[in-house]
file model03.txt (compact mmCIF, C-alpha atoms and all ligand atoms)
# COMPACT_ATOMS: atom_id res chain seq x y z
CA MET A 10 -53.57 22.42 9.99
CA ILE A 11 -57.33 21.95 9.68
CA THR A 12 -59.38 20.72 12.63
CA ILE A 13 -63.11 20.04 12.52
CA THR A 14 -64.70 19.53 15.94
CA ARG A 15 -68.41 19.63 15.09
CA LEU A 16 -70.79 19.23 12.19
CA ASN A 17 -73.95 21.11 11.33
CA ILE A 18 -76.60 18.42 11.90
CA ASP A 19 -79.26 20.35 9.94
CA GLU A 20 -76.89 20.25 6.96
CA VAL A 21 -76.36 16.50 7.44
CA LEU A 22 -80.15 15.96 7.52
CA ARG A 23 -80.58 17.98 4.32
CA TYR A 24 -77.91 15.84 2.66
CA MET A 25 -79.87 12.76 3.83
CA GLY A 26 -82.86 14.12 1.92
CA CYS A 27 -84.80 15.18 5.02
CA PRO A 28 -85.71 18.83 5.73
CA PRO A 29 -84.42 19.41 9.31
CA ASP A 30 -87.84 20.46 10.64
CA LYS A 31 -89.29 17.12 9.42
CA ALA A 32 -86.63 14.95 11.13
CA ASP A 33 -87.90 12.95 14.12
CA GLU A 34 -85.81 12.49 17.26
CA ALA A 35 -84.53 9.06 16.19
CA LEU A 36 -83.18 10.31 12.85
CA ARG A 37 -81.62 13.41 14.41
CA GLY A 38 -80.07 11.20 17.12
CA GLN A 39 -78.65 8.86 14.50
CA ALA A 40 -77.19 11.80 12.56
CA GLU A 41 -75.59 13.14 15.75
CA ALA A 42 -74.12 9.73 16.66
CA CYS A 43 -72.74 9.30 13.14
CA ALA A 44 -71.26 12.82 13.25
CA ARG A 45 -69.31 11.82 16.38
CA GLU A 46 -68.04 8.66 14.66
CA VAL A 47 -66.95 10.57 11.55
CA LEU A 48 -65.24 13.32 13.54
CA ALA A 49 -63.27 10.63 15.39
CA VAL A 50 -61.78 9.14 12.18
CA ILE A 51 -61.23 12.05 9.79
CA ARG A 52 -57.64 13.04 9.07
CA PRO A 53 -57.93 16.19 6.92
CA ARG A 54 -55.01 16.91 4.59
CA TRP A 55 -54.74 19.43 1.80
CA SER A 56 -52.51 20.96 -0.81
CA TRP A 57 -52.75 24.16 -2.85
CA ARG A 58 -51.06 26.35 -5.45
CA ALA A 59 -51.61 29.90 -6.67
CA LEU A 60 -51.60 30.04 -10.47
CA SER A 61 -52.24 32.74 -13.02
CA ILE A 62 -55.14 32.00 -15.37
CA THR A 63 -56.09 32.94 -18.92
CA LEU A 64 -59.71 32.94 -20.08
CA GLU A 65 -59.74 31.39 -23.57
CA ALA A 66 -62.47 30.48 -26.07
CA GLU A 67 -62.39 26.80 -24.94
CA GLY A 68 -62.25 27.41 -21.20
CA VAL A 69 -59.76 28.47 -18.54
CA ARG A 70 -56.05 27.87 -19.09
CA LEU A 71 -54.04 27.45 -15.89
CA GLU A 72 -50.43 28.60 -15.68
CA GLY A 73 -48.40 25.59 -16.81
CA GLY A 74 -50.86 24.70 -19.60
CA LEU A 75 -53.73 22.66 -18.12
CA LEU A 76 -57.03 23.59 -19.82
CA LEU A 77 -60.19 23.48 -17.70
CA PRO A 78 -62.72 23.25 -20.53
CA GLY A 79 -66.22 24.69 -20.79
CA ALA A 80 -68.11 27.95 -20.67
CA ASP A 81 -69.38 27.82 -17.07
CA LEU A 82 -66.06 28.06 -15.19
CA ARG A 83 -64.84 30.65 -17.69
CA ALA A 84 -67.92 32.80 -16.94
CA HIS A 85 -67.54 32.13 -13.20
CA LEU A 86 -63.94 33.36 -13.20
CA GLY A 87 -64.69 36.55 -15.14
CA GLY A 88 -62.62 39.36 -13.61
CA CYS A 89 -60.11 36.96 -11.99
CA GLU A 90 -56.44 36.99 -12.96
CA ARG A 91 -55.35 34.20 -10.67
CA ALA A 92 -56.75 31.12 -9.00
CA ALA A 93 -55.93 29.26 -5.83
CA VAL A 94 -56.27 25.61 -6.85
CA PHE A 95 -56.58 23.19 -3.96
CA CYS A 96 -57.46 19.65 -3.01
CA ALA A 97 -58.56 18.26 0.34
CA THR A 98 -59.26 14.80 1.68
CA LEU A 99 -60.64 13.31 4.89
CA GLY A 100 -58.37 10.28 4.41
CA ALA A 101 -58.93 6.58 3.84
CA GLU A 102 -60.22 5.81 7.37
CA THR A 103 -63.47 7.69 6.64
CA ASP A 104 -64.16 5.60 3.52
CA ALA A 105 -63.45 2.42 5.50
CA LEU A 106 -65.93 3.43 8.24
CA ILE A 107 -68.68 3.99 5.64
CA ARG A 108 -67.85 0.74 3.79
CA ARG A 109 -68.07 -1.28 7.00
CA ALA A 110 -71.47 0.25 7.81
CA GLU A 111 -72.75 -0.60 4.31
CA GLN A 112 -72.39 -4.31 5.16
CA LEU A 113 -74.66 -3.96 8.21
CA ASP A 114 -77.09 -1.05 8.08
CA MET A 115 -77.76 1.08 4.99
CA VAL A 116 -79.48 3.92 6.87
CA ARG A 117 -76.51 4.28 9.19
CA ALA A 118 -74.18 4.09 6.17
CA LEU A 119 -76.15 6.92 4.51
CA ALA A 120 -75.95 9.00 7.70
CA LEU A 121 -72.18 8.41 7.92
CA ASP A 122 -71.76 9.25 4.25
CA CYS A 123 -73.71 12.50 4.67
CA CYS A 124 -71.72 13.40 7.82
CA ALA A 125 -68.52 12.85 5.86
CA SER A 126 -69.85 15.09 3.06
CA ALA A 127 -70.61 17.81 5.62
CA ALA A 128 -67.14 17.33 7.11
CA VAL A 129 -65.34 17.68 3.79
CA GLU A 130 -67.37 20.83 3.07
CA GLY A 131 -66.36 22.16 6.49
CA VAL A 132 -62.71 21.41 5.73
CA CYS A 133 -63.01 23.25 2.39
CA ASP A 134 -64.67 26.23 4.12
CA GLN A 135 -61.68 26.50 6.46
CA ILE A 136 -59.20 26.15 3.60
CA GLU A 137 -61.04 28.81 1.62
CA LEU A 138 -60.82 31.22 4.56
CA GLN A 139 -57.09 30.55 4.95
CA LEU A 140 -56.50 31.06 1.23
CA GLN A 141 -58.53 34.28 1.15
CA GLY A 142 -56.22 35.58 3.88
CA LYS A 143 -53.25 35.12 1.54
CA PHE A 144 -54.69 37.59 -1.01
CA PRO A 145 -55.44 40.76 0.96
CA GLY A 146 -57.73 43.26 -0.75
CA CYS A 147 -58.88 40.71 -3.36
CA SER A 148 -62.37 39.40 -4.18
CA PHE A 149 -63.33 35.78 -4.64
CA PRO A 150 -66.20 34.04 -6.44
CA PHE A 151 -67.35 30.84 -4.65
CA ARG A 152 -65.03 27.83 -5.05
CA TYR A 153 -65.78 25.71 -8.10
CA SER A 154 -65.18 21.98 -8.53
CA PRO A 155 -65.06 19.50 -11.42
CA GLY A 156 -68.60 18.22 -12.03
CA TYR A 157 -70.18 21.66 -11.53
CA GLY A 158 -71.85 23.02 -14.66
CA ASP A 159 -70.01 21.86 -17.78
CA LEU A 160 -66.61 21.40 -16.09
CA PRO A 161 -65.92 17.68 -16.67
CA LEU A 162 -64.69 15.27 -14.03
CA ASP A 163 -61.84 14.17 -16.29
CA VAL A 164 -59.81 17.23 -15.23
CA GLN A 165 -59.34 15.63 -11.79
CA SER A 166 -56.11 13.82 -12.69
CA GLY A 167 -54.53 16.96 -14.15
CA LEU A 168 -55.46 19.00 -11.07
CA LEU A 169 -54.11 16.34 -8.71
CA GLU A 170 -50.87 16.18 -10.66
CA LEU A 171 -50.49 19.99 -10.50
CA LEU A 172 -50.90 19.78 -6.73
CA ASP A 173 -48.60 16.78 -6.38
CA ALA A 174 -51.58 15.36 -4.49
CA PRO A 175 -50.77 11.62 -4.61
CA ARG A 176 -47.42 12.22 -2.90
CA ARG A 177 -48.35 15.13 -0.63
CA VAL A 178 -51.80 14.09 0.65
CA GLY A 179 -52.36 10.54 -0.67
CA LEU A 180 -55.15 11.66 -3.02
CA CYS A 181 -55.57 10.03 -6.47
CA ALA A 182 -58.23 9.65 -9.18
CA THR A 183 -59.57 6.37 -10.58
CA ALA A 184 -59.80 5.60 -14.32
CA ASN A 185 -63.41 6.88 -14.06
CA HIS A 186 -62.15 10.18 -12.61
CA LEU A 187 -63.52 9.55 -9.13
CA LEU A 188 -61.38 10.73 -6.24
CA THR A 189 -59.89 8.19 -3.91
CA PRO A 190 -60.18 8.43 -0.94
CA ARG A 191 -63.77 9.16 -1.93
CA LYS A 192 -64.48 11.90 0.63
CA SER A 193 -62.20 14.40 -1.06
CA VAL A 194 -62.54 17.54 -3.14
CA THR A 195 -60.58 19.45 -5.75
CA ALA A 196 -61.54 23.09 -6.19
CA ILE A 197 -60.64 26.29 -7.98
CA LEU A 198 -60.95 29.52 -6.02
CA GLY A 199 -60.79 32.51 -8.36
CA VAL A 200 -58.81 35.55 -7.18
CA ALA A 201 -59.65 39.02 -8.52
CA SER A 202 -57.68 42.10 -7.61
CA GLY A 203 -60.81 44.24 -8.19
CA GLU A 204 -64.45 43.94 -7.20
CA ILE A 205 -66.47 41.17 -8.89
CA GLU A 206 -70.15 40.40 -9.09
CA GLN A 207 -71.00 37.55 -6.69
CA SER A 208 -73.15 34.71 -8.02
CA GLN A 209 -75.17 32.19 -5.99
CA LYS A 210 -73.86 28.65 -5.61
CA SER A 211 -77.41 27.33 -5.19
CA CYS A 212 -77.50 23.50 -5.58
CA LEU A 213 -74.18 23.18 -7.46
CA GLY A 214 -72.18 20.42 -5.82
CA CYS A 215 -74.75 19.70 -3.06
CA PRO A 216 -74.68 15.96 -2.18
CA ALA A 217 -78.48 16.06 -1.65
CA GLN A 218 -79.28 16.82 -5.27
CA GLU A 219 -80.72 13.38 -6.14
CA SER A 220 -82.85 12.98 -3.02
CA CYS A 221 -83.60 16.59 -2.11
CA GLN A 222 -87.19 17.08 -0.92
CA TYR A 223 -86.99 20.85 -1.45
CA ARG A 224 -86.06 20.42 -5.11
CA LYS A 225 -88.68 17.70 -5.60
CA ALA A 226 -91.26 20.20 -4.33
CA GLY A 227 -89.87 22.83 -6.71
CA GLY A 228 -88.26 24.86 -3.95
CA HIS A 229 -84.90 25.43 -2.31
CA CYS A 230 -83.54 25.03 1.21
CA GLY A 231 -82.42 28.65 1.27
CA ILE A 232 -78.76 27.72 1.74
CA SER A 233 -76.78 28.98 -1.21
S1 LIG B 301 -82.18 22.72 -2.20
FE1 LIG B 301 -80.22 22.39 -3.30
S2 LIG B 301 -78.63 23.12 -1.88
FE2 LIG B 301 -80.53 22.85 -0.66
S3 LIG B 301 -80.36 20.74 0.18
FE3 LIG B 301 -81.50 20.65 -1.76
S4 LIG B 301 -79.98 20.15 -3.34
FE4 LIG B 301 -78.88 20.91 -1.53
call {"tool": "encode", "arguments": {"input": "model03.txt", "output": "structure tokens"}}
result
Amino acid sequence: MITITRLNIDEVLRYMGCPPDKADEALRGQAEACAREVLAVIRPRWSWRALSITLEAEGVRLEGGLLLPGADLRAHLGGCERAAVFCATLGAETDALIRRAEQLDMVRALALDCCASAAVEGVCDQIELQLQGKFPGCSFPFRYSPGYGDLPLDVQSGLLELLDAPRRVGLCATANHLLTPRKSVTAILGVASGEIEQSQKSCLGCPAQESCQYRKAGGHCGIS
């Protein structure tokens, strides 16, 4: 059972494209109000499986045969023998809240969307901690999702099928490989029985990438 009771408002502001120290009171207040609205409607659900993995020339082969193609995930999972594959969703009510706001006020809709992104990240952080607890003495590179590096989004359907996600948590993928409900994640958490070198996540998967003021200025927010 995953419960999220608060959101990091500085993170929400960064996702909105505003460095937290540049946010005026009105914007911070709006982000806080939207965080309360999002927390009231989210219904986190998730599903996972532990699978052995094989690193192949074309990518990473999951137990059962699904190939996750590309060089980046293969390099990321160097030293791992297994992976905990999981999916998580905030549920359809969160999408509906954002859609309703889009008809009325685009700034509020953006704030709600960014709160929901922070919430789904928070859900995944909790899942990751729970999963790490199931592999005592192991090491873990950061969780990796379709769309990071050269891992294509078209693996979403295969991952959801492996996790029986449509039936277990109501999570599907569209023909364009977008998750629905939209505020959802699939992820691969590598599991190594030995020590591994940790790499930085940096901007991979950050919802702020398009609008990020730090990146536009050639810098970084410092959150990895
Ligand atoms: S610098 Fe990167 S990680 Fe930080 S807010 Fe911008 S896009 Fe996100």
call {"tool": "closest_residue", "arguments": {"input": "model03.txt", "among": "A:Thr12, A:Gly203, A:Gly26, A:Val47", "to": "ligand LIG 301 (chain B)", "atoms": "all atoms listed in the file"}}
result
A:Gly26
call {"tool": "residues_near_ligand", "arguments": {"input": "model03.txt", "ligand": "ligand LIG 301 (chain B)", "cutoff": "10 Å", "atoms": "all atoms listed in the file", "output": "ChimeraX atom specification"}}
result
/A:19-28,210-233
call {"tool": "residues_near_point", "arguments": {"input": "model03.txt", "point": "(-73.3, 35.1, -2.3)", "cutoff": "9 Å", "atoms": "only C-alpha atoms", "output": "PyMOL selection string"}}
result
chain A and resi 150-151+207-210+233
call {"tool": "atom_distance", "arguments": {"input": "model03.txt", "atom1": "atom CA of A:Cys181", "atom2": "atom CA of A:Pro155"}}
result
14.3 Å
call {"tool": "residues_around", "arguments": {"input": "model03.txt", "residues": "A:Leu77", "least_positions_apart": "2", "cutoff": "9 Å", "atoms": "only C-alpha atoms", "output": "JSON, numbers by chain"}}
result
{"A": [67, 68, 69, 70, 71, 75, 79, 82, 83, 155, 160, 161, 164]}
call {"tool": "residues_near_point", "arguments": {"input": "model03.txt", "point": "(-56.5, 42.2, -2.1)", "cutoff": "9 Å", "atoms": "only C-alpha atoms", "output": "list in words"}}
result
Gln141, Gly142, Lys143, Phe144, Pro145, Gly146, Cys147, Ser148, Val200, Ala201, Ser202 and Gly203 of chain A
call {"tool": "atom_distance", "arguments": {"input": "model03.txt", "atom1": "atom CA of A:Pro29", "atom2": "atom CA of A:Asp122"}}
result
17.0 Å
call {"tool": "residues_around", "arguments": {"input": "model03.txt", "residues": "A:Asp173", "least_positions_apart": "4", "cutoff": "12 Å", "atoms": "all atoms listed in the file", "output": "VMD selection string"}}
result
chain A and resid 55 to 58 94 to 96 166 to 169 177 to 181
call {"tool": "closest_residue", "arguments": {"input": "model03.txt", "among": "A:Gly87, A:Leu198, A:Glu102, A:Ala125", "to": "A:Leu138", "atoms": "all atoms listed in the file"}}
result
A:Leu198
call {"tool": "atom_distance", "arguments": {"input": "model03.txt", "atom1": "atom CA of A:Thr195", "atom2": "atom CA of A:Ile13"}}
result
18.5 Å
call {"tool": "closest_residue", "arguments": {"input": "model03.txt", "among": "A:Gln39, A:Thr183, A:Ser154, A:Thr14", "to": "A:Cys123", "atoms": "only C-alpha atoms"}}
result
A:Gln39
call {"tool": "closest_residue", "arguments": {"input": "model03.txt", "among": "A:Val132, A:Ala120, A:Ala66, A:Ala32", "to": "A:Ile51", "atoms": "all atoms listed in the file"}}
result
A:Val132
call {"tool": "residues_around", "arguments": {"input": "model03.txt", "residues": "A:Arg45", "least_positions_apart": "5", "cutoff": "10 Å", "atoms": "all atoms listed in the file", "output": "PyMOL selection string"}}
result
chain A and resi 14-16+39-40+50+121+124
